Amino acid sequence: MKFSDKFGTSKPSIFMELINEKNKMSHGDLEIFDLSIGTPDFKPEGFIRDAVSAAALEGNNYKYGISDSPELVEAVISWYKRRYGVTLTAENITSVNGSQEGIAHICFPLINSGDAVLVPNPGYQIFSFGPEMAGAEIVRMPLLKENDFLIDFDAIPEETAKKAAVMVVSYPSNPTTAVAGRDFYERLVAFAKKYDIIVIHDNAYSELVYDTEPGHSFLETPGAMDVGIEFNSLSKSYNLTGLRLSFALGNADIISLFKAFRSQIDYGISPLVQTAAVAALNGPQDSLERVRNDYKARRDFLYTEFNRLGWKAPKSAATMFMWLPKPSGYSTSMEFCLDLLRRAGVVMVPGNTFGSLGEGFLRAALVRPVEDLKRMTAQLENSGINFD
């Protein structure tokens with residue numbers, strides 16, 4: 001049999017390797033604390049579950065959701081206006097089966113084979129995997145600690161910028177937890193206009209910004225609608241990861257092209273899932289602050305405890321993650337991750353999973369309550385690991 005050379009260069013997800021290693025230890029003396037995958041441990045609000053339960057009894061809701069319902073479109077328009085002050089129309093919106101699916105496919109209708117796509121390094125894996133599968137030449141933009149993990153537009157060579165068709169940007173950032181301000185987005189729009197680059201902004205974590213002003217939408221920036229779109233997800237904000245519902249929003253021409261492409265590969269979002277989204281977007285919003293405060297409490301606890309143990313952890317600005325430095329006694333992040341699992345029962349993700357410049361870091365997901373994290377830090381303290 002012959003297989004795709006393009007996909008053949010891809011390796012299995014690091015999460016599979018970590019799961020296999022974790023399973024080997026599942027019957028040992030250590031309690032396992034899995035902080036690898038960013039799956040919220042919170043439950044959706046009761047009124048959302050009630051809406052879905054009622055919709056599940058309606059037989060017509062089991063048909064294809066060929067298009068977004070008028071109720072869903074209106075809910076998105078209203079939410080974006082309330083939350084960000086951004087005015088949208090139906091032509092600026094399409095639903096997708098989660099941001100990961102949307103970002104995986106967005107470059108297919110936008111680029112020609114060999115076009116350059118700028119992606120962050122480190123950055124979430126789908127940012128490069130999707131464009132690569134679409135035939136792009138991947139150009140990685142360094143996100144450096146000394147630049148607060150923000151893209152340095154001045155460091156992008158002009159010849160590279162001229163070749164670029166698309167630029168993938170994501171703040172608040174997974175994995176670095178960095179937050180971008182309004183001035184950054186103004187520079188982003190100016191850069192995109194100067195070089196005629198389409199911006200794809202992933203905005204999954206704007207509701208999880210902890211110590212500063214609330215997270216922004218790229219589309220708040222004057223001129224943003226002229227140059228790109230953003231993905232915004234209900235997964236982390238409303239704890240609906242399993243329903244797989246996000247939105248691509250922004251430039252009407254890009255959205256129209258994307259809708260046409262997706263009509264060839266998908267029959268739309270289930271009416272049951274659309275019902276959940278309408279309930280979440282139109283319903284009480286107090287759960288957003290409650291969830292944000294719970295994540296913040298976990299971050300604050302681990303920040304204090306890690307530093308007490310000698311692990312010089314920074315205080316994450318946003319997202320449901322911590323971006324931690326590798327202790328000096330280990331040659332690679334993966335070496336430390338495996339030692340952390342075997343000696344302390346804690347699963348984290350090595351930073352180079354997210355790109356070469358992630359080496360020297362680890363990502364930890366804030367997906368266990370403080371009561372569990374107290375037991376976890378006790379195991380860390382008793383592990384004999386030198387965190388310095």
# chains A, B, ... in the order shown; residues from 1 in each chain; ligands from 1
$ residues_around --residues "Val96 (chain A)" --least-positions-apart "2" --cutoff "10 Å" --atoms "only C-alpha atoms" --output "VMD selection string"
chain A and resid 68 93 to 94 98 to 103 105 231 to 233 244 to 248 259 262 266 268 to 269
$ residues_around --residues "region 320-336 of chain A" --least-positions-apart "5" --cutoff "10 Å" --atoms "only C-alpha atoms" --output "ChimeraX atom specification"
/A:14,18,35-40,173-178,205,208-209,236,292,295-296,298-299,302-303,306,310-315,341-342,348-353,358-367,385-388
$ closest_residue --among "A:Val168, A:Leu281, A:Ala378, A:Ile126" --to "Met141 (chain A)" --atoms "only C-alpha atoms"
A:Val168
$ select_by_dssp --residues "region 213-347 of chain A" --states "helix (DSSP H, G or I)" --output "PyMOL selection string"
chain A and resi 218-220+224-227+241-243+252-262+271-282+286-308+333-344
$ closest_residue --among "A:Met16, A:Ile197, A:Val76, A:Leu57" --to "Ala224 (chain A)" --atoms "only C-alpha atoms"
A:Ile197
$ closest_residue --among "A:Glu146, A:Glu186, A:Glu220, A:Glu137" --to "Thr87 (chain A)" --atoms "only C-alpha atoms"
A:Glu220
$ atom_distance --atom1 "CA of Lys193 (chain A)" --atom2 "CA of Ala165 (chain A)"
11.5 Å
$ residues_around --residues "region 63-65 of chain A" --least-positions-apart "6" --cutoff "9 Å" --atoms "only C-alpha atoms" --output "PyMOL selection string"
chain A and resi 267-272+274
$ select_by_dssp --residues "region 79-232 of chain A" --states "strand (DSSP E or B)" --output "compact mmCIF listing (two decimals) with all heavy atoms, in the first residue's frame"
# COMPACT_ATOMS: atom_id res chain seq x y z
N ILE A 93 -20.26 35.62 9.85
CA ILE A 93 -20.30 34.54 10.85
C ILE A 93 -20.51 33.19 10.18
O ILE A 93 -21.37 33.06 9.30
CB ILE A 93 -21.44 34.77 11.86
CG1 ILE A 93 -21.31 36.11 12.57
CG2 ILE A 93 -21.52 33.63 12.87
CD1 ILE A 93 -22.56 36.52 13.32
N THR A 94 -19.77 32.20 10.62
CA THR A 94 -20.12 30.81 10.34
C THR A 94 -19.68 29.95 11.50
O THR A 94 -18.64 30.21 12.13
CB THR A 94 -19.47 30.28 9.04
OG1 THR A 94 -20.02 29.00 8.74
CG2 THR A 94 -17.97 30.16 9.14
N SER A 95 -20.47 28.96 11.83
CA SER A 95 -20.09 28.03 12.89
C SER A 95 -19.15 26.97 12.32
O SER A 95 -19.13 26.69 11.12
CB SER A 95 -21.34 27.36 13.48
OG SER A 95 -22.02 26.63 12.48
N VAL A 96 -18.35 26.38 13.22
CA VAL A 96 -17.45 25.28 12.86
C VAL A 96 -17.49 24.25 13.99
O VAL A 96 -17.93 24.55 15.10
CB VAL A 96 -16.00 25.76 12.63
CG1 VAL A 96 -15.90 26.64 11.41
CG2 VAL A 96 -15.44 26.48 13.86
N ALA A 116 3.43 30.93 1.54
CA ALA A 116 3.98 30.97 2.89
C ALA A 116 2.87 31.32 3.89
O ALA A 116 2.05 32.20 3.64
CB ALA A 116 5.11 32.00 2.98
N VAL A 117 2.86 30.61 5.00
CA VAL A 117 1.95 30.89 6.11
C VAL A 117 2.81 31.09 7.35
O VAL A 117 3.62 30.22 7.71
CB VAL A 117 0.94 29.76 6.33
CG1 VAL A 117 0.12 30.00 7.59
CG2 VAL A 117 0.01 29.65 5.12
N LEU A 118 2.63 32.22 8.01
CA LEU A 118 3.39 32.55 9.21
C LEU A 118 2.66 32.00 10.42
O LEU A 118 1.47 32.27 10.62
CB LEU A 118 3.55 34.07 9.35
CG LEU A 118 4.12 34.82 8.14
CD1 LEU A 118 4.14 36.32 8.41
CD2 LEU A 118 5.51 34.32 7.81
N VAL A 119 3.37 31.23 11.25
CA VAL A 119 2.76 30.63 12.45
C VAL A 119 3.67 30.89 13.64
O VAL A 119 4.88 31.03 13.51
CB VAL A 119 2.54 29.12 12.27
CG1 VAL A 119 1.65 28.83 11.06
CG2 VAL A 119 3.86 28.38 12.14
N PRO A 120 3.09 30.95 14.85
CA PRO A 120 3.91 31.22 16.04
C PRO A 120 4.72 30.01 16.47
O PRO A 120 4.29 28.87 16.34
CB PRO A 120 2.86 31.59 17.10
CG PRO A 120 1.60 30.93 16.64
CD PRO A 120 1.64 30.91 15.15
N ASN A 121 5.89 30.27 17.02
CA ASN A 121 6.78 29.25 17.58
C ASN A 121 7.31 29.75 18.93
O ASN A 121 8.10 30.67 18.96
CB ASN A 121 7.95 29.00 16.63
CG ASN A 121 8.92 27.94 17.15
OD1 ASN A 121 8.61 27.20 18.07
ND2 ASN A 121 10.11 27.89 16.56
N GLU A 137 3.97 26.55 2.72
CA GLU A 137 5.32 26.60 3.26
C GLU A 137 5.21 27.25 4.64
O GLU A 137 4.78 28.40 4.76
CB GLU A 137 6.24 27.43 2.37
CG GLU A 137 7.63 27.64 2.95
CD GLU A 137 8.43 28.71 2.21
OE1 GLU A 137 8.05 29.06 1.08
OE2 GLU A 137 9.42 29.19 2.79
N ILE A 138 5.57 26.53 5.68
CA ILE A 138 5.42 27.04 7.04
C ILE A 138 6.63 27.88 7.41
O ILE A 138 7.78 27.42 7.32
CB ILE A 138 5.26 25.88 8.04
CG1 ILE A 138 4.07 24.99 7.65
CG2 ILE A 138 5.09 26.41 9.46
CD1 ILE A 138 2.74 25.71 7.62
N VAL A 139 6.37 29.10 7.85
CA VAL A 139 7.42 30.00 8.35
C VAL A 139 7.09 30.30 9.80
O VAL A 139 6.02 30.83 10.11
CB VAL A 139 7.50 31.30 7.53
CG1 VAL A 139 8.58 32.22 8.11
CG2 VAL A 139 7.76 31.00 6.06
N ARG A 140 8.00 29.97 10.70
CA ARG A 140 7.73 30.08 12.13
C ARG A 140 8.24 31.41 12.68
O ARG A 140 9.40 31.75 12.52
CB ARG A 140 8.34 28.89 12.87
CG ARG A 140 7.81 27.57 12.32
CD ARG A 140 8.35 26.35 13.05
NE ARG A 140 8.02 25.14 12.30
CZ ARG A 140 6.87 24.52 12.35
NH1 ARG A 140 5.91 24.99 13.13
NH2 ARG A 140 6.63 23.44 11.63
N MET A 141 7.34 32.12 13.37
CA MET A 141 7.67 33.40 13.98
C MET A 141 8.09 33.17 15.42
O MET A 141 7.31 32.63 16.21
CB MET A 141 6.46 34.34 13.93
CG MET A 141 5.93 34.63 12.56
SD MET A 141 4.43 35.68 12.61
CE MET A 141 3.22 34.52 13.30
N PRO A 142 9.30 33.56 15.82
CA PRO A 142 9.75 33.32 17.20
C PRO A 142 8.95 34.13 18.21
O PRO A 142 8.78 35.34 18.06
CB PRO A 142 11.22 33.78 17.17
CG PRO A 142 11.60 33.85 15.73
CD PRO A 142 10.34 34.17 14.98
N ALA A 164 4.24 35.97 2.27
CA ALA A 164 3.22 35.37 3.14
C ALA A 164 1.81 35.65 2.63
O ALA A 164 1.48 36.77 2.25
CB ALA A 164 3.37 35.90 4.55
N ALA A 165 0.99 34.61 2.62
CA ALA A 165 -0.42 34.76 2.26
C ALA A 165 -1.30 34.86 3.50
O ALA A 165 -2.32 35.55 3.50
CB ALA A 165 -0.87 33.58 1.41
N VAL A 166 -0.91 34.14 4.56
CA VAL A 166 -1.71 34.04 5.77
C VAL A 166 -0.79 34.12 6.97
O VAL A 166 0.37 33.67 6.93
CB VAL A 166 -2.51 32.71 5.81
CG1 VAL A 166 -3.17 32.49 7.16
CG2 VAL A 166 -3.56 32.68 4.69
N MET A 167 -1.31 34.68 8.06
CA MET A 167 -0.58 34.78 9.32
C MET A 167 -1.50 34.30 10.44
O MET A 167 -2.61 34.81 10.59
CB MET A 167 -0.17 36.23 9.55
CG MET A 167 0.64 36.51 10.78
SD MET A 167 1.01 38.30 10.82
CE MET A 167 2.35 38.32 11.98
N VAL A 168 -1.06 33.30 11.19
CA VAL A 168 -1.86 32.76 12.30
C VAL A 168 -1.37 33.39 13.60
O VAL A 168 -0.18 33.35 13.92
CB VAL A 168 -1.76 31.23 12.37
CG1 VAL A 168 -2.62 30.70 13.51
CG2 VAL A 168 -2.17 30.60 11.05
N VAL A 169 -2.30 33.98 14.34
CA VAL A 169 -1.99 34.69 15.58
C VAL A 169 -2.94 34.20 16.65
O VAL A 169 -4.10 33.88 16.36
CB VAL A 169 -2.15 36.22 15.38
CG1 VAL A 169 -1.81 36.98 16.66
CG2 VAL A 169 -1.30 36.71 14.20
N SER A 170 -2.47 34.15 17.90
CA SER A 170 -3.35 33.66 18.97
C SER A 170 -2.97 34.30 20.30
O SER A 170 -1.92 33.99 20.86
CB SER A 170 -3.27 32.14 19.09
OG SER A 170 -4.09 31.68 20.15
N ILE A 198 -3.55 37.78 5.05
CA ILE A 198 -4.79 37.44 5.75
C ILE A 198 -4.43 37.01 7.17
O ILE A 198 -3.58 36.14 7.38
CB ILE A 198 -5.54 36.31 5.03
CG1 ILE A 198 -6.03 36.79 3.66
CG2 ILE A 198 -6.71 35.80 5.88
CD1 ILE A 198 -6.61 35.67 2.81
N VAL A 199 -5.09 37.60 8.15
CA VAL A 199 -4.86 37.25 9.55
C VAL A 199 -5.92 36.25 10.01
O VAL A 199 -7.12 36.46 9.82
CB VAL A 199 -4.92 38.50 10.45
CG1 VAL A 199 -4.84 38.12 11.93
CG2 VAL A 199 -3.79 39.47 10.09
N ILE A 200 -5.46 35.17 10.62
CA ILE A 200 -6.34 34.20 11.28
C ILE A 200 -6.01 34.28 12.77
O ILE A 200 -4.92 33.90 13.20
CB ILE A 200 -6.09 32.77 10.77
CG1 ILE A 200 -6.21 32.70 9.24
CG2 ILE A 200 -7.05 31.80 11.44
CD1 ILE A 200 -7.55 33.11 8.70
N HIS A 201 -6.94 34.80 13.55
CA HIS A 201 -6.70 34.99 14.98
C HIS A 201 -7.52 33.98 15.79
O HIS A 201 -8.74 33.89 15.63
CB HIS A 201 -7.09 36.41 15.41
CG HIS A 201 -6.82 36.69 16.85
ND1 HIS A 201 -7.83 36.84 17.79
CD2 HIS A 201 -5.66 36.84 17.53
CE1 HIS A 201 -7.28 37.09 18.97
NE2 HIS A 201 -5.97 37.09 18.85
N ASP A 202 -6.84 33.22 16.64
CA ASP A 202 -7.52 32.27 17.53
C ASP A 202 -7.75 32.95 18.87
O ASP A 202 -6.80 33.34 19.55
CB ASP A 202 -6.66 31.02 17.70
CG ASP A 202 -7.35 29.98 18.58
OD1 ASP A 202 -8.59 29.96 18.60
OD2 ASP A 202 -6.63 29.21 19.25
N VAL A 209 -8.65 35.90 31.30
CA VAL A 209 -7.58 36.85 31.59
C VAL A 209 -7.73 37.25 33.05
O VAL A 209 -8.81 37.65 33.48
CB VAL A 209 -7.65 38.07 30.67
CG1 VAL A 209 -6.58 39.10 31.03
CG2 VAL A 209 -7.50 37.64 29.20
N GLY A 228 -8.90 40.12 8.04
CA GLY A 228 -8.91 38.77 8.57
C GLY A 228 -10.15 38.38 9.35
O GLY A 228 -11.18 39.07 9.33
N ILE A 229 -10.01 37.25 10.02
CA ILE A 229 -11.09 36.69 10.83
C ILE A 229 -10.51 36.22 12.15
O ILE A 229 -9.29 36.13 12.32
CB ILE A 229 -11.79 35.51 10.13
CG1 ILE A 229 -10.81 34.33 9.96
CG2 ILE A 229 -12.36 35.92 8.78
CD1 ILE A 229 -11.47 33.04 9.51
N GLU A 230 -11.40 35.89 13.08
CA GLU A 230 -10.95 35.20 14.28
C GLU A 230 -11.89 34.05 14.59
O GLU A 230 -13.04 34.03 14.17
CB GLU A 230 -10.83 36.16 15.47
CG GLU A 230 -12.10 36.54 16.17
CD GLU A 230 -11.82 37.44 17.39
OE1 GLU A 230 -10.66 37.86 17.58
OE2 GLU A 230 -12.77 37.72 18.14
N PHE A 231 -11.34 33.08 15.31
CA PHE A 231 -12.13 31.98 15.83
C PHE A 231 -12.40 32.25 17.30
O PHE A 231 -11.50 32.63 18.05
CB PHE A 231 -11.39 30.65 15.67
CG PHE A 231 -11.33 30.16 14.25
CD1 PHE A 231 -10.27 30.49 13.43
CD2 PHE A 231 -12.35 29.38 13.72
CE1 PHE A 231 -10.21 30.06 12.11
CE2 PHE A 231 -12.31 28.94 12.41
CZ PHE A 231 -11.24 29.28 11.60
N ASN A 232 -13.65 32.06 17.70
CA ASN A 232 -14.01 32.20 19.10
C ASN A 232 -14.82 30.97 19.50
O ASN A 232 -15.73 30.55 18.78
CB ASN A 232 -14.81 33.47 19.34
CG ASN A 232 -14.71 33.95 20.78
OD1 ASN A 232 -14.77 33.15 21.70
ND2 ASN A 232 -14.56 35.25 20.97
$ residues_around --residues "Phe261 (chain A)" --least-positions-apart "5" --cutoff "10 Å" --atoms "only C-alpha atoms" --output "ChimeraX atom specification"
/A:105-106,108-110,255-256,266
$ write_last_selection --atoms "all heavy atoms" --output "PDB file, in the first residue's frame"
ATOM      1  N   HIS A 105      -8.833  23.666   8.677  1.00  0.00           N
ATOM      2  CA  HIS A 105      -9.342  23.737   7.305  1.00  0.00           C
ATOM      3  C   HIS A 105      -9.279  25.127   6.671  1.00  0.00           C
ATOM      4  O   HIS A 105      -9.414  25.242   5.451  1.00  0.00           O
ATOM      5  CB  HIS A 105     -10.799  23.259   7.269  1.00  0.00           C
ATOM      6  CG  HIS A 105     -10.961  21.794   7.467  1.00  0.00           C
ATOM      7  ND1 HIS A 105     -11.914  21.243   8.312  1.00  0.00           N
ATOM      8  CD2 HIS A 105     -10.289  20.741   6.927  1.00  0.00           C
ATOM      9  CE1 HIS A 105     -11.816  19.915   8.271  1.00  0.00           C
ATOM     10  NE2 HIS A 105     -10.842  19.596   7.438  1.00  0.00           N
ATOM     11  N   ILE A 106      -9.068  26.160   7.458  1.00  0.00           N
ATOM     12  CA  ILE A 106      -9.249  27.516   6.930  1.00  0.00           C
ATOM     13  C   ILE A 106      -8.295  27.828   5.785  1.00  0.00           C
ATOM     14  O   ILE A 106      -8.652  28.566   4.858  1.00  0.00           O
ATOM     15  CB  ILE A 106      -9.113  28.567   8.063  1.00  0.00           C
ATOM     16  CG1 ILE A 106      -9.410  29.968   7.536  1.00  0.00           C
ATOM     17  CG2 ILE A 106      -7.738  28.514   8.702  1.00  0.00           C
ATOM     18  CD1 ILE A 106     -10.798  30.166   6.987  1.00  0.00           C
ATOM     19  N   PHE A 108      -7.228  25.890   3.406  1.00  0.00           N
ATOM     20  CA  PHE A 108      -7.509  25.188   2.146  1.00  0.00           C
ATOM     21  C   PHE A 108      -8.148  26.111   1.106  1.00  0.00           C
ATOM     22  O   PHE A 108      -7.727  26.099  -0.059  1.00  0.00           O
ATOM     23  CB  PHE A 108      -8.385  23.963   2.403  1.00  0.00           C
ATOM     24  CG  PHE A 108      -7.629  22.784   2.942  1.00  0.00           C
ATOM     25  CD1 PHE A 108      -7.353  22.683   4.303  1.00  0.00           C
ATOM     26  CD2 PHE A 108      -7.174  21.779   2.110  1.00  0.00           C
ATOM     27  CE1 PHE A 108      -6.654  21.604   4.807  1.00  0.00           C
ATOM     28  CE2 PHE A 108      -6.469  20.693   2.603  1.00  0.00           C
ATOM     29  CZ  PHE A 108      -6.201  20.604   3.959  1.00  0.00           C
ATOM     30  N   PRO A 109      -9.141  26.912   1.453  1.00  0.00           N
ATOM     31  CA  PRO A 109      -9.701  27.807   0.430  1.00  0.00           C
ATOM     32  C   PRO A 109      -8.948  29.125   0.273  1.00  0.00           C
ATOM     33  O   PRO A 109      -9.270  29.902  -0.623  1.00  0.00           O
ATOM     34  CB  PRO A 109     -11.121  28.067   0.956  1.00  0.00           C
ATOM     35  CG  PRO A 109     -11.001  27.979   2.429  1.00  0.00           C
ATOM     36  CD  PRO A 109      -9.976  26.916   2.678  1.00  0.00           C
ATOM     37  N   LEU A 110      -7.927  29.376   1.100  1.00  0.00           N
ATOM     38  CA  LEU A 110      -7.274  30.687   1.092  1.00  0.00           C
ATOM     39  C   LEU A 110      -5.936  30.716   0.377  1.00  0.00           C
ATOM     40  O   LEU A 110      -5.499  31.782  -0.072  1.00  0.00           O
ATOM     41  CB  LEU A 110      -7.063  31.185   2.531  1.00  0.00           C
ATOM     42  CG  LEU A 110      -8.306  31.411   3.388  1.00  0.00           C
ATOM     43  CD1 LEU A 110      -7.889  31.995   4.741  1.00  0.00           C
ATOM     44  CD2 LEU A 110      -9.305  32.316   2.701  1.00  0.00           C
ATOM     45  N   ILE A 255     -15.255  34.632   5.043  1.00  0.00           N
ATOM     46  CA  ILE A 255     -16.306  33.778   5.602  1.00  0.00           C
ATOM     47  C   ILE A 255     -17.107  33.112   4.487  1.00  0.00           C
ATOM     48  O   ILE A 255     -17.430  31.919   4.555  1.00  0.00           O
ATOM     49  CB  ILE A 255     -17.232  34.590   6.525  1.00  0.00           C
ATOM     50  CG1 ILE A 255     -16.461  35.115   7.742  1.00  0.00           C
ATOM     51  CG2 ILE A 255     -18.431  33.759   6.967  1.00  0.00           C
ATOM     52  CD1 ILE A 255     -15.869  34.049   8.625  1.00  0.00           C
ATOM     53  N   SER A 256     -17.438  33.847   3.438  1.00  0.00           N
ATOM     54  CA  SER A 256     -18.191  33.275   2.323  1.00  0.00           C
ATOM     55  C   SER A 256     -17.422  32.142   1.661  1.00  0.00           C
ATOM     56  O   SER A 256     -17.988  31.075   1.360  1.00  0.00           O
ATOM     57  CB  SER A 256     -18.504  34.369   1.297  1.00  0.00           C
ATOM     58  OG  SER A 256     -19.154  33.828   0.168  1.00  0.00           O
ATOM     59  N   ASP A 266     -18.822  18.950   5.031  1.00  0.00           N
ATOM     60  CA  ASP A 266     -19.570  18.875   6.273  1.00  0.00           C
ATOM     61  C   ASP A 266     -21.030  19.244   6.016  1.00  0.00           C
ATOM     62  O   ASP A 266     -21.331  19.983   5.080  1.00  0.00           O
ATOM     63  CB  ASP A 266     -18.954  19.842   7.299  1.00  0.00           C
ATOM     64  CG  ASP A 266     -19.539  19.670   8.680  1.00  0.00           C
ATOM     65  OD1 ASP A 266     -19.273  18.633   9.306  1.00  0.00           O
ATOM     66  OD2 ASP A 266     -20.267  20.570   9.139  1.00  0.00           O
TER      67      ASP A 266
END
$ closest_residue --among "A:Leu338, A:Ala279, A:Ile66, A:Val346" --to "Asp50 (chain A)" --atoms "only C-alpha atoms"
A:Ala279
$ closest_residue --among "A:Asn60, A:Gln264, A:Ser237, A:Ser217" --to "Gln285 (chain A)" --atoms "only C-alpha atoms"
A:Ser237
$ atom_distance --atom1 "CA of His216 (chain A)" --atom2 "CA of Leu188 (chain A)"
13.6 Å
$ closest_residue --among "A:Phe191, A:Tyr80, A:Tyr62, A:Tyr171" --to "Val273 (chain A)" --atoms "only C-alpha atoms"
A:Tyr62
$ decode --residues "region 169-176 of chain A" --atoms "all heavy atoms" --output "JSON list (two decimals), in the first residue's frame"
[["chain", "number", "residue", "atom", "x", "y", "z"],
["A", 169, "VAL", "N", -2.30, 33.98, 14.34],
["A", 169, "VAL", "CA", -1.99, 34.69, 15.58],
["A", 169, "VAL", "C", -2.94, 34.20, 16.65],
["A", 169, "VAL", "O", -4.10, 33.88, 16.36],
["A", 169, "VAL", "CB", -2.15, 36.22, 15.38],
["A", 169, "VAL", "CG1", -1.81, 36.98, 16.66],
["A", 169, "VAL", "CG2", -1.30, 36.71, 14.20],
["A", 170, "SER", "N", -2.47, 34.15, 17.90],
["A", 170, "SER", "CA", -3.35, 33.66, 18.97],
["A", 170, "SER", "C", -2.97, 34.30, 20.30],
["A", 170, "SER", "O", -1.92, 33.99, 20.86],
["A", 170, "SER", "CB", -3.27, 32.14, 19.09],
["A", 170, "SER", "OG", -4.09, 31.68, 20.15],
["A", 171, "TYR", "N", -3.83, 35.18, 20.78],
["A", 171, "TYR", "CA", -3.69, 35.75, 22.12],
["A", 171, "TYR", "C", -5.08, 35.87, 22.73],
["A", 171, "TYR", "O", -6.02, 36.23, 22.02],
["A", 171, "TYR", "CB", -3.01, 37.12, 22.06],
["A", 171, "TYR", "CG", -1.56, 37.03, 21.63],
["A", 171, "TYR", "CD1", -1.19, 37.34, 20.33],
["A", 171, "TYR", "CD2", -0.58, 36.59, 22.53],
["A", 171, "TYR", "CE1", 0.14, 37.23, 19.93],
["A", 171, "TYR", "CE2", 0.73, 36.48, 22.13],
["A", 171, "TYR", "CZ", 1.10, 36.80, 20.84],
["A", 171, "TYR", "OH", 2.40, 36.68, 20.44],
["A", 172, "PRO", "N", -5.18, 35.59, 24.05],
["A", 172, "PRO", "CA", -4.19, 34.99, 24.93],
["A", 172, "PRO", "C", -3.64, 33.68, 24.35],
["A", 172, "PRO", "O", -4.37, 32.92, 23.73],
["A", 172, "PRO", "CB", -4.95, 34.75, 26.23],
["A", 172, "PRO", "CG", -6.04, 35.77, 26.23],
["A", 172, "PRO", "CD", -6.45, 35.87, 24.77],
["A", 173, "SER", "N", -2.36, 33.46, 24.62],
["A", 173, "SER", "CA", -1.61, 32.43, 23.91],
["A", 173, "SER", "C", -1.61, 31.09, 24.62],
["A", 173, "SER", "O", -1.34, 31.01, 25.82],
["A", 173, "SER", "CB", -0.16, 32.90, 23.72],
["A", 173, "SER", "OG", 0.69, 31.84, 23.38],
["A", 174, "ASN", "N", -1.90, 30.05, 23.87],
["A", 174, "ASN", "CA", -1.63, 28.68, 24.26],
["A", 174, "ASN", "C", -0.43, 28.23, 23.43],
["A", 174, "ASN", "O", -0.53, 28.21, 22.19],
["A", 174, "ASN", "CB", -2.84, 27.80, 23.95],
["A", 174, "ASN", "CG", -2.61, 26.33, 24.20],
["A", 174, "ASN", "OD1", -1.64, 25.94, 24.83],
["A", 174, "ASN", "ND2", -3.51, 25.50, 23.70],
["A", 175, "PRO", "N", 0.73, 27.96, 24.05],
["A", 175, "PRO", "CA", 0.91, 27.60, 25.45],
["A", 175, "PRO", "C", 1.51, 28.69, 26.35],
["A", 175, "PRO", "O", 1.58, 28.48, 27.55],
["A", 175, "PRO", "CB", 1.92, 26.46, 25.35],
["A", 175, "PRO", "CG", 2.82, 26.89, 24.22],
["A", 175, "PRO", "CD", 1.91, 27.57, 23.22],
["A", 176, "THR", "N", 1.96, 29.82, 25.82],
["A", 176, "THR", "CA", 2.80, 30.72, 26.61],
["A", 176, "THR", "C", 2.02, 31.53, 27.64],
["A", 176, "THR", "O", 2.61, 32.14, 28.51],
["A", 176, "THR", "CB", 3.57, 31.70, 25.71],
["A", 176, "THR", "OG1", 2.65, 32.66, 25.16],
["A", 176, "THR", "CG2", 4.29, 30.97, 24.58]]
